[in-house]
Each structure stands twice: as C-alpha cells, then as structure tokens.
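Asker: Got a structure for you, final.txt, holding compact mmCIF, C-alpha atoms and all ligand atoms.
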```
# COMPACT_ATOMS: atom_id res chain seq x y z
CA MET A 972 1.91 18.80 45.96
CA SER A 973 0.26 16.45 43.48
CA THR A 974 1.15 16.74 39.80
CA LEU A 975 -1.60 16.41 37.24
CA VAL A 976 -0.75 13.72 34.65
CA MET A 977 -2.55 14.39 31.37
CA PRO A 978 -3.42 11.25 29.38
CA ARG A 979 -1.54 11.09 26.09
CA PRO A 980 -3.68 11.19 22.93
CA ILE A 981 -4.24 7.77 21.29
CA GLY A 982 -2.17 8.78 18.22
CA VAL A 983 0.86 9.55 20.42
CA GLN A 984 0.50 6.26 22.32
CA MET A 985 0.16 4.30 19.07
CA ASN A 986 3.16 6.10 17.69
CA SER A 987 5.48 5.03 20.50
CA LEU A 988 4.18 1.44 20.25
CA LEU A 989 4.84 1.39 16.50
CA LEU A 990 8.34 2.80 17.01
CA HIS A 991 9.21 -0.09 19.34
CA ARG A 992 12.10 -2.18 18.00
CA PHE A 993 9.95 -5.32 18.02
CA ALA A 994 7.10 -3.70 16.03
CA LYS A 995 8.58 -4.45 12.60
CA PRO A 996 9.50 -8.10 13.32
CA LEU A 997 6.00 -8.54 14.77
CA VAL A 998 4.28 -7.14 11.66
CA PHE A 999 6.59 -9.27 9.48
CA GLY A 1000 5.70 -12.42 11.44
CA LEU A 1001 1.97 -11.67 11.34
CA SER A 1002 2.12 -11.05 7.57
CA LEU A 1003 3.81 -14.39 7.06
CA LEU A 1004 1.19 -16.30 9.07
CA PRO A 1005 -1.26 -16.88 6.14
CA PHE A 1006 1.61 -18.33 4.08
CA CYS A 1007 2.69 -20.60 6.96
CA TRP A 1008 -0.90 -21.75 7.47
CA LEU A 1009 -1.34 -22.50 3.75
CA LEU A 1010 1.95 -24.39 3.65
CA TYR A 1011 0.97 -26.40 6.72
CA ALA A 1012 -2.52 -27.08 5.32
CA ALA A 1013 -1.04 -28.19 1.99
CA ILE A 1014 1.47 -30.54 3.64
CA THR A 1015 -1.13 -32.03 5.99
CA GLN A 1016 -3.72 -32.25 3.19
CA GLN A 1017 -6.21 -29.92 4.82
CA LEU A 1018 -6.96 -27.86 1.71
CA GLY A 1019 -10.16 -29.74 0.89
CA ALA A 1020 -11.24 -31.75 -2.14
CA ASN A 1021 -9.54 -29.43 -4.65
CA PRO A 1022 -6.27 -28.28 -3.03
CA ALA A 1023 -4.98 -26.49 -6.15
CA GLU A 1024 -8.12 -24.35 -6.43
CA ALA A 1025 -8.10 -23.68 -2.68
CA LEU A 1026 -4.47 -22.54 -2.83
CA ILE A 1027 -4.99 -20.30 -5.87
CA ARG A 1028 -8.07 -18.72 -4.32
CA ALA A 1029 -6.58 -18.25 -0.84
CA THR A 1030 -3.42 -16.61 -2.22
CA GLY A 1031 -5.61 -14.37 -4.46
CA ASP A 1032 -7.60 -13.34 -1.38
CA TRP A 1033 -4.43 -12.57 0.60
CA THR A 1034 -3.01 -10.50 -2.26
CA LEU A 1035 -6.18 -8.42 -2.25
CA ARG A 1036 -6.18 -8.08 1.56
CA PHE A 1037 -2.57 -6.87 1.62
CA LEU A 1038 -3.39 -4.45 -1.20
CA CYS A 1039 -6.18 -2.99 0.96
CA LEU A 1040 -3.76 -2.81 3.92
CA VAL A 1041 -1.01 -1.01 2.01
CA LEU A 1042 -3.51 1.52 0.66
CA ALA A 1043 -4.91 2.03 4.17
CA VAL A 1044 -1.55 3.06 5.67
CA THR A 1045 -1.60 6.72 4.54
CA PRO A 1046 -5.28 7.46 5.42
CA LEU A 1047 -4.80 5.80 8.84
CA ARG A 1048 -1.55 7.69 9.40
CA VAL A 1049 -3.12 11.07 8.58
CA ILE A 1050 -6.50 10.53 10.28
CA SER A 1051 -5.08 9.05 13.50
CA GLY A 1052 -2.02 11.35 13.62
CA THR A 1053 0.35 8.37 13.76
CA PRO A 1054 3.37 9.14 11.54
CA ALA A 1055 5.15 5.93 12.64
CA LEU A 1056 2.67 3.92 10.53
CA ALA A 1057 4.71 4.97 7.48
CA ARG A 1058 7.51 2.63 8.65
CA PHE A 1059 5.38 -0.36 7.68
CA ARG A 1060 4.26 0.71 4.21
CA ARG A 1061 7.17 -0.78 2.27
CA MET A 1062 6.99 -4.09 4.13
CA VAL A 1063 3.24 -4.43 3.61
CA GLY A 1064 3.68 -3.48 -0.07
CA LEU A 1065 6.28 -6.19 -0.51
CA PHE A 1066 3.89 -8.69 1.04
CA VAL A 1067 1.36 -7.78 -1.71
CA TYR A 1068 4.02 -8.85 -4.19
CA PHE A 1069 4.97 -11.93 -2.17
CA TYR A 1070 1.38 -13.21 -2.12
CA VAL A 1071 0.72 -12.39 -5.81
CA CYS A 1072 3.89 -14.32 -6.74
CA ILE A 1073 2.63 -17.36 -4.84
CA HIS A 1074 -0.81 -16.88 -6.46
CA LEU A 1075 0.80 -16.78 -9.91
CA LEU A 1076 3.08 -19.73 -9.11
CA SER A 1077 0.17 -21.82 -7.81
CA TYR A 1078 -1.83 -21.09 -10.97
CA SER A 1079 1.17 -21.71 -13.26
CA GLY A 1080 2.11 -24.93 -11.48
CA PHE A 1081 -1.17 -26.55 -10.47
CA ASP A 1082 -3.46 -25.32 -13.28
CA MET A 1083 -0.93 -25.15 -16.13
CA GLY A 1084 1.86 -27.56 -15.19
CA PHE A 1085 4.39 -24.74 -15.72
CA GLU A 1086 3.82 -24.95 -19.50
CA VAL A 1087 4.73 -21.42 -20.63
CA ALA A 1088 2.96 -21.78 -24.00
CA ASP A 1089 -0.27 -22.93 -22.28
CA ILE A 1090 -0.05 -20.08 -19.77
CA ALA A 1091 0.38 -17.53 -22.59
CA LYS A 1092 -2.62 -19.03 -24.43
CA ASP A 1093 -4.75 -18.96 -21.29
CA ILE A 1094 -3.83 -15.32 -20.58
CA ALA A 1095 -4.87 -14.40 -24.13
CA LYS A 1096 -8.08 -16.48 -23.97
CA ARG A 1097 -9.52 -15.64 -20.53
CA PRO A 1098 -9.97 -11.89 -19.91
CA PHE A 1099 -9.99 -12.22 -16.10
CA ILE A 1100 -6.56 -13.90 -16.23
CA LEU A 1101 -5.29 -11.16 -18.56
CA VAL A 1102 -6.48 -8.52 -16.09
CA GLY A 1103 -4.79 -10.32 -13.16
CA PHE A 1104 -1.62 -10.71 -15.16
CA THR A 1105 -1.62 -7.00 -16.07
CA ALA A 1106 -1.96 -6.16 -12.37
CA PHE A 1107 1.00 -8.44 -11.66
CA MET A 1108 3.07 -6.74 -14.38
CA LEU A 1109 2.29 -3.31 -12.93
CA LEU A 1110 3.20 -4.45 -9.43
CA THR A 1111 6.60 -5.74 -10.56
CA PRO A 1112 8.33 -2.34 -11.09
CA LEU A 1113 6.86 -1.16 -7.79
CA ALA A 1114 8.40 -4.10 -5.92
CA LEU A 1115 11.73 -3.68 -7.76
CA THR A 1116 11.95 0.02 -6.89
CA SER A 1117 10.90 -0.23 -3.27
CA PHE A 1118 14.48 -0.10 -1.98
CA ASN A 1119 16.36 3.01 -0.87
CA ARG A 1120 18.91 2.77 -3.68
CA ALA A 1121 16.17 2.68 -6.34
CA ILE A 1122 14.39 5.63 -4.71
CA LYS A 1123 17.67 7.60 -4.80
CA ALA A 1124 18.40 6.62 -8.39
CA LEU A 1125 14.90 7.56 -9.61
CA GLY A 1126 14.55 10.74 -7.57
CA GLY A 1127 11.62 11.36 -5.22
CA LYS A 1128 9.20 12.86 -7.75
CA ARG A 1129 9.64 10.15 -10.40
CA TRP A 1130 9.49 7.44 -7.74
CA GLN A 1131 6.23 8.86 -6.37
CA GLY A 1132 4.81 9.10 -9.90
CA LEU A 1133 5.72 5.48 -10.63
CA HIS A 1134 4.21 4.26 -7.37
CA LYS A 1135 0.86 5.82 -8.31
CA LEU A 1136 0.52 2.68 -10.47
CA VAL A 1137 -0.76 1.01 -7.32
CA TYR A 1138 -4.11 2.78 -7.89
CA ALA A 1139 -4.41 1.11 -11.30
CA VAL A 1140 -3.49 -2.20 -9.67
CA ALA A 1141 -6.35 -1.73 -7.18
CA GLY A 1142 -8.83 -1.18 -10.03
CA LEU A 1143 -7.54 -4.17 -11.98
CA ALA A 1144 -7.60 -6.38 -8.89
CA VAL A 1145 -11.30 -5.66 -8.31
CA LEU A 1146 -12.04 -6.18 -12.01
CA HIS A 1147 -10.13 -9.50 -11.95
CA PHE A 1148 -12.13 -10.69 -8.95
CA PHE A 1149 -15.43 -9.41 -10.41
CA TRP A 1150 -14.83 -11.11 -13.75
CA MET A 1151 -13.83 -14.36 -12.10
CA ARG A 1152 -17.05 -14.38 -10.06
CA ALA A 1153 -19.23 -13.22 -12.98
CA GLY A 1154 -19.81 -16.78 -14.18
CA LYS A 1155 -20.91 -17.78 -10.67
CA ASN A 1156 -23.12 -14.75 -10.00
CA ASN A 1157 -21.55 -14.34 -6.58
CA PHE A 1158 -20.57 -10.74 -6.00
CA ALA A 1159 -20.93 -10.18 -2.24
CA GLU A 1160 -17.20 -10.40 -1.46
CA VAL A 1161 -16.29 -8.47 -4.59
CA ALA A 1162 -18.60 -5.66 -3.45
CA VAL A 1163 -16.91 -5.54 -0.01
CA TYR A 1164 -13.42 -5.23 -1.52
CA ALA A 1165 -14.64 -2.71 -4.11
CA ALA A 1166 -16.15 -0.60 -1.30
CA ILE A 1167 -12.95 -0.73 0.80
CA LEU A 1168 -10.63 0.09 -2.11
CA GLY A 1169 -13.07 2.71 -3.45
CA SER A 1170 -13.12 4.48 -0.06
CA LEU A 1171 -9.33 4.40 0.23
CA LEU A 1172 -8.88 5.85 -3.25
CA GLY A 1173 -11.79 8.29 -2.72
CA TRP A 1174 -10.11 9.63 0.43
CA ARG A 1175 -6.94 10.35 -1.59
CA PHE A 1176 -8.96 12.03 -4.34
CA ILE A 1177 -10.73 14.35 -1.89
CA ARG A 1178 -7.40 15.19 -0.20
CA PHE A 1179 -5.86 15.97 -3.58
CA ILE A 1180 -8.78 18.29 -4.49
CA ARG A 1181 -8.57 20.06 -1.12
CA LYS A 1182 -4.78 20.46 -1.32
CA ASN A 1183 -4.92 21.91 -4.81
CA ARG A 1184 -8.21 23.79 -4.17
CA LEU A 1185 -9.62 22.67 -7.53
C1 LIG A 1201 -2.74 -8.01 -8.07
C2 LIG A 1201 -2.96 -9.13 -8.74
C3 LIG A 1201 -4.01 -10.13 -8.39
C4 LIG A 1201 -4.97 -10.12 -7.41
C5 LIG A 1201 -5.25 -9.03 -6.38
C6 LIG A 1201 -5.72 -11.35 -7.53
C7 LIG A 1201 -6.78 -11.70 -6.72
C8 LIG A 1201 -7.56 -12.81 -6.90
C9 LIG A 1201 -8.73 -13.12 -6.14
C10 LIG A 1201 -9.27 -12.26 -5.00
C11 LIG A 1201 -9.25 -14.27 -6.60
C12 LIG A 1201 -10.53 -14.98 -6.12
C13 LIG A 1201 -10.34 -15.70 -4.85
C14 LIG A 1201 -11.65 -16.24 -4.31
O1 LIG A 1201 -12.49 -16.71 -5.09
O2 LIG A 1201 -11.82 -16.20 -3.09
C15 LIG A 1201 -8.39 -14.73 -7.66
C16 LIG A 1201 -8.59 -15.88 -8.37
C17 LIG A 1201 -7.78 -16.30 -9.38
N1 LIG A 1201 -6.72 -15.60 -9.93
FE1 LIG A 1201 -5.95 -13.85 -9.26
N2 LIG A 1201 -5.20 -12.09 -8.57
C18 LIG A 1201 -4.16 -11.39 -9.11
C19 LIG A 1201 -3.35 -11.79 -10.15
C20 LIG A 1201 -3.49 -12.98 -10.83
C21 LIG A 1201 -2.59 -13.46 -11.83
C22 LIG A 1201 -1.28 -12.77 -12.26
C23 LIG A 1201 -3.08 -14.66 -12.27
C24 LIG A 1201 -2.56 -15.57 -13.31
C25 LIG A 1201 -1.90 -15.21 -14.38
C26 LIG A 1201 -4.30 -14.93 -11.55
C27 LIG A 1201 -5.10 -16.03 -11.70
C28 LIG A 1201 -6.17 -16.38 -10.92
C29 LIG A 1201 -6.92 -17.61 -11.03
C30 LIG A 1201 -6.66 -18.74 -12.01
C31 LIG A 1201 -7.92 -17.57 -10.05
C32 LIG A 1201 -8.91 -18.67 -9.68
C33 LIG A 1201 -10.04 -18.81 -10.61
C34 LIG A 1201 -10.96 -19.95 -10.23
O3 LIG A 1201 -10.76 -20.63 -9.22
O4 LIG A 1201 -11.91 -20.16 -10.98
N3 LIG A 1201 -4.52 -13.89 -10.66
N4 LIG A 1201 -7.38 -13.82 -7.84
```
Please express what this file holds, its structure, as structure tokens.
Answerer:
Amino acid sequence: MSTLVMPRPIGVQMNSLLLHRFAKPLVFGLSLLPFCWLLYAAITQQLGANPAEALIRATGDWTLRFLCLVLAVTPLRVISGTPALARFRRMVGLFVYFYVCIHLLSYSGFDMGFEVADIAKDIAKRPFILVGFTAFMLLTPLALTSFNRAIKALGGKRWQGLHKLVYAVAGLAVLHFFWMRAGKNNFAEVAVYAAILGSLLGWRFIRFIRKNRL
C-alpha cells in the first residue's frame, strides 16, 4: 500500500531551515561580510580616489540596509508564517548599530580627525549631520537594552515601548540621506529606501488599525 506524502508548506520548510543550529552563525557571517570587504578594500587601497568618503558612504548605506532588514523581520514572519525568523531580529538589530558605529567612527576619524570640538560644531552647523546623529542617539538605548537581562529589568511592555523608537530612527535615516543628497539633486536611491521603509511601517500601521478596529 503506497502512502501519500503531502508536500510541506513553504513556511514550515523555511522554519525548520531557520531553526538549524548553523542558521545563526551563517546569518552572523553573512552580516559581517560587508565589513570584511570594506576592511580588505581599505587595506589593499581599493576604495577609489577618496577612500574616506567611500568608507563613510558605504557604511551609511549598510546601516540603512540593515535597518530595512530588521524592520522586515516581523512582516516576513507574519506573512510567510515563519515564526523562527524572530530568532534573527536581535542579531540584525545589533548589526544596524555595528554599522552606524563604524559610519560615525569613519566620519569622526577621517573627516574630523577625532577633534570632539570640531565634531560638535559640525553637528550644530550641518542639519543632515544633526539628523544622523539624532538617529544614532536613539539607536543607542535600543542596542544597550537588546539583552535578556535588560528586557527582564525593564519589563516587556516598557521594553516594547522603548523599541518603538526604531520607527523614528527609520524616518530620521531617510531624512538624513535625503538632506545629504539634496545638494546633489540625486534622489533615486533615497526614493527606493523611503519606499521600502514606508511600506514596512505602513504594514505595521494597517495591522495596528485592524487589531484595534479603529
Ligand atoms: C541611523 C543612522 C544613520 C544612517 C542610517 C545613515 C545613513 C547614511 C547614508 C545612507 C548616507 C549616504 C551614503 C551614500 O551616499 O551612498 C550617509 C552619509 C553620511 N552620513 Fe550618515 N547615517 C546615519 C548616521 C550618521 C551619523 C551619526 C553621522 C555623523 C555624526 C553621519 C554622517 C554622515 C556623513 C558625513 C555622510 C557623508 C556625506 C558626504 O559624503 O557628503 N551619519 N549616511
């Protein structure tokens, strides 16, 4: 007698893949690749004519990409029925902070020679830097409270409330990018990121309205 084997839905298959013990190290390694490439390119002088600018821009781009990724985890998890995706949210979130720290360090070091007074003056003088710096300041408590002990100490509700700051960070990140490109009249990439982040936040907004039947 032959037994009928039903194919498993994609979400279930994805779920068991993501629960594999090598899944987290793999995601960690992949997330570190841009940094390794940039380090290699800097050491081997492959960053072009203006390596400082290339480094600042590339790390800014990667911060924004990881921000999109971390905000995509929940919609992807719900839409695809893959709860195991939640395992990666904290790691991806910490990579947002990792790349923004390198972005800030590259700017502070290469553009400002680590002169704190000059950095403070520049932040006050150039609005797009102020906006980026505000986003960095808002990301800092999120990174510091992303560990289990902090979650316990804060309590679930307060922790969730605090982590809603990431939505403000998304808005500031797009504004920072937009303002930086304003002088160059080059908005194509800004529009792509604004559309991605807008959709991810819009999805949450619609879900909130449906849940609360407003
Ligand atoms: C969440 C925080 C941040 C995000 C998402 C972000 C993202 C970006 C992006 C996407 C770019 C443009 C890259 C390109 O042209 O391809 C950029 C450029 C830049 N950002 Fe940020 N940034 C952030 C925070 C900061 C902070 C804290 C500073 C410094 C205090 C900063 C300073 C700069 C500078 C100096 C540039 C390059 C401007 C130029 O080359 O003319 N950013 N950033």
Asker: Give the residue list for ligand LIG 1201 (chain A) at 6 Å, counting all atoms listed in the file, as a PyMOL selection string, sorted by chain and then by residue number.
Answerer: chain A and resi 1024+1027-1028+1031-1032+1034-1035+1071+1075+1078+1100+1103-1104+1106-1107+1144+1148
Asker: To one decimal place, how far is atom CA of Ala1165 of chain A from atom CA of Ala1141 of chain A in Å?
Answerer: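 Interatomic distance, atom CA of Ala1165 of chain A to atom CA of Ala1141 of chain A: 8.9 Å.
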Asker: Between atom CA of Leu1101 of chain A and atom CA of Leu1143 of chain A, what is the distance in Å, rounded to a tenth?
Answerer: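 Calculated distance between atom CA of Leu1101 of chain A and atom CA of Leu1143 of chain A is 9.9 Å.
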Asker: What separation in Å, quoted to one decimal, exists between atom CA of Val1140 of chain A and atom CA of Leu1110 of chain A?
Answerer: 7.1 Å
Asker: Give me the residues near Phe1059 of chain A as a ChimeraX atom specification, where near means some atom within 12 Å (using only C-alpha atoms) and where sequence neighbours in that chain fewer than 3 positions away do not count.
Answerer: /A:989-990,994-999,1002,1037,1040-1045,1047-1048,1053-1056,1062-1066
Asker: Keeping C-alpha atoms, export the residues of the selection given above as an mmCIF file, in the coordinates of the input.
Answerer:
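The new file out30.cif reads:
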```
data_model
loop_
_atom_site.group_PDB
_atom_site.id
_atom_site.type_symbol
_atom_site.label_atom_id
_atom_site.label_comp_id
_atom_site.auth_asym_id
_atom_site.auth_seq_id
_atom_site.Cartn_x
_atom_site.Cartn_y
_atom_site.Cartn_z
ATOM 1 C CA LEU A 989 4.840 1.390 16.500
ATOM 2 C CA LEU A 990 8.340 2.800 17.010
ATOM 3 C CA ALA A 994 7.100 -3.700 16.030
ATOM 4 C CA LYS A 995 8.580 -4.450 12.600
ATOM 5 C CA PRO A 996 9.500 -8.100 13.320
ATOM 6 C CA LEU A 997 6.000 -8.540 14.770
ATOM 7 C CA VAL A 998 4.280 -7.140 11.660
ATOM 8 C CA PHE A 999 6.590 -9.270 9.480
ATOM 9 C CA SER A 1002 2.120 -11.050 7.570
ATOM 10 C CA PHE A 1037 -2.570 -6.870 1.620
ATOM 11 C CA LEU A 1040 -3.760 -2.810 3.920
ATOM 12 C CA VAL A 1041 -1.010 -1.010 2.010
ATOM 13 C CA LEU A 1042 -3.510 1.520 0.660
ATOM 14 C CA ALA A 1043 -4.910 2.030 4.170
ATOM 15 C CA VAL A 1044 -1.550 3.060 5.670
ATOM 16 C CA THR A 1045 -1.600 6.720 4.540
ATOM 17 C CA LEU A 1047 -4.800 5.800 8.840
ATOM 18 C CA ARG A 1048 -1.550 7.690 9.400
ATOM 19 C CA THR A 1053 0.350 8.370 13.760
ATOM 20 C CA PRO A 1054 3.370 9.140 11.540
ATOM 21 C CA ALA A 1055 5.150 5.930 12.640
ATOM 22 C CA LEU A 1056 2.670 3.920 10.530
ATOM 23 C CA MET A 1062 6.990 -4.090 4.130
ATOM 24 C CA VAL A 1063 3.240 -4.430 3.610
ATOM 25 C CA GLY A 1064 3.680 -3.480 -0.070
ATOM 26 C CA LEU A 1065 6.280 -6.190 -0.510
ATOM 27 C CA PHE A 1066 3.890 -8.690 1.040
#
```
Asker: If the box runs along x, y and z of the file and leaves 3 Å on each side of segment 1132-1135 of chain A, what are its centre and edge lengths in Å, one decimal, as lines of an AutoDock Vina configuration file?
Answerer:
```
center_x = 3.3
center_y = 6.7
center_z = -9.0
size_x = 10.9
size_y = 10.8
size_z = 9.3
```
Asker: I'd like the neighbourhood of Leu1010 of chain A as a list in words, where a residue qualifies if any of its atoms comes within 12 Å (using only C-alpha atoms), though same-chain residues fewer than 2 positions away should be ignored.
Answerer: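 Here the answer would be Leu1003, Leu1004, Pro1005, Phe1006, Cys1007, Trp1008, Ala1012, Ala1013, Ile1014, Thr1015, Gln1016, Gln1017, Leu1018, Pro1022, Ala1025, Leu1026, Ala1029, Thr1030, Ile1073 and Ser1077 of chain A.
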Asker: Take the point (-21.1, -8.9, -5.6) in the file's coordinates, draw a sphere of radius 12 Å around it, and report as a PyMOL selection string every protein, DNA or RNA residue with an atom inside or on it, counting only C-alpha atoms.
Answerer: chain A and resi 1145-1146+1148-1166
Asker: With N, CA, C and O atoms as the goal, would you fill in the gaps in segment 1129-1149 of chain A and present it as a compact mmCIF listing (two decimals), in the frame of the given file?
Answerer:
```txt
# COMPACT_ATOMS: atom_id res chain seq x y z
N ARG A 1129 9.89 11.22 -9.43
CA ARG A 1129 9.64 10.15 -10.40
C ARG A 1129 9.20 8.88 -9.68
O ARG A 1129 8.34 8.14 -10.13
N TRP A 1130 9.83 8.63 -8.53
CA TRP A 1130 9.49 7.44 -7.74
C TRP A 1130 8.02 7.50 -7.30
O TRP A 1130 7.28 6.53 -7.44
N GLN A 1131 7.62 8.69 -6.82
CA GLN A 1131 6.23 8.86 -6.37
C GLN A 1131 5.27 8.67 -7.54
O GLN A 1131 4.22 8.03 -7.40
N GLY A 1132 5.64 9.23 -8.70
CA GLY A 1132 4.81 9.10 -9.90
C GLY A 1132 4.65 7.63 -10.27
O GLY A 1132 3.54 7.16 -10.51
N LEU A 1133 5.76 6.91 -10.27
CA LEU A 1133 5.72 5.48 -10.63
C LEU A 1133 4.83 4.70 -9.66
O LEU A 1133 4.02 3.86 -10.06
N HIS A 1134 4.95 5.04 -8.38
CA HIS A 1134 4.21 4.26 -7.37
C HIS A 1134 2.71 4.57 -7.36
O HIS A 1134 1.95 3.90 -6.67
N LYS A 1135 2.30 5.56 -8.17
CA LYS A 1135 0.86 5.82 -8.31
C LYS A 1135 0.21 4.68 -9.11
O LYS A 1135 -1.01 4.54 -9.13
N LEU A 1136 1.05 3.85 -9.75
CA LEU A 1136 0.52 2.68 -10.47
C LEU A 1136 -0.30 1.77 -9.54
O LEU A 1136 -1.13 1.00 -10.01
N VAL A 1137 -0.04 1.87 -8.25
CA VAL A 1137 -0.76 1.01 -7.32
C VAL A 1137 -2.28 1.26 -7.39
O VAL A 1137 -3.09 0.35 -7.15
N TYR A 1138 -2.67 2.49 -7.78
CA TYR A 1138 -4.11 2.78 -7.89
C TYR A 1138 -4.72 2.00 -9.07
O TYR A 1138 -5.83 1.49 -8.98
N ALA A 1139 -3.95 1.91 -10.16
CA ALA A 1139 -4.41 1.11 -11.30
C ALA A 1139 -4.49 -0.36 -10.90
O ALA A 1139 -5.44 -1.07 -11.27
N VAL A 1140 -3.50 -0.80 -10.12
CA VAL A 1140 -3.49 -2.20 -9.67
C VAL A 1140 -4.76 -2.49 -8.85
O VAL A 1140 -5.40 -3.53 -9.02
N ALA A 1141 -5.15 -1.53 -8.00
CA ALA A 1141 -6.35 -1.73 -7.18
C ALA A 1141 -7.58 -1.91 -8.08
O ALA A 1141 -8.39 -2.83 -7.86
N GLY A 1142 -7.70 -1.07 -9.11
CA GLY A 1142 -8.83 -1.18 -10.03
C GLY A 1142 -8.82 -2.52 -10.76
O GLY A 1142 -9.85 -3.20 -10.85
N LEU A 1143 -7.64 -2.91 -11.24
CA LEU A 1143 -7.54 -4.17 -11.98
C LEU A 1143 -7.82 -5.37 -11.07
O LEU A 1143 -8.42 -6.36 -11.51
N ALA A 1144 -7.39 -5.27 -9.82
CA ALA A 1144 -7.60 -6.38 -8.89
C ALA A 1144 -9.10 -6.62 -8.67
O ALA A 1144 -9.57 -7.76 -8.69
N VAL A 1145 -9.84 -5.52 -8.51
CA VAL A 1145 -11.30 -5.66 -8.31
C VAL A 1145 -11.94 -6.21 -9.58
O VAL A 1145 -12.79 -7.11 -9.54
N LEU A 1146 -11.49 -5.70 -10.74
CA LEU A 1146 -12.04 -6.18 -12.01
C LEU A 1146 -11.76 -7.67 -12.20
O LEU A 1146 -12.63 -8.44 -12.64
N HIS A 1147 -10.54 -8.09 -11.86
CA HIS A 1147 -10.13 -9.50 -11.95
C HIS A 1147 -11.06 -10.38 -11.11
O HIS A 1147 -11.58 -11.39 -11.57
N PHE A 1148 -11.29 -9.94 -9.89
CA PHE A 1148 -12.13 -10.69 -8.95
C PHE A 1148 -13.58 -10.71 -9.46
O PHE A 1148 -14.24 -11.75 -9.48
N PHE A 1149 -14.06 -9.53 -9.90
CA PHE A 1149 -15.43 -9.41 -10.41
C PHE A 1149 -15.65 -10.34 -11.61
O PHE A 1149 -16.61 -11.10 -11.66
```
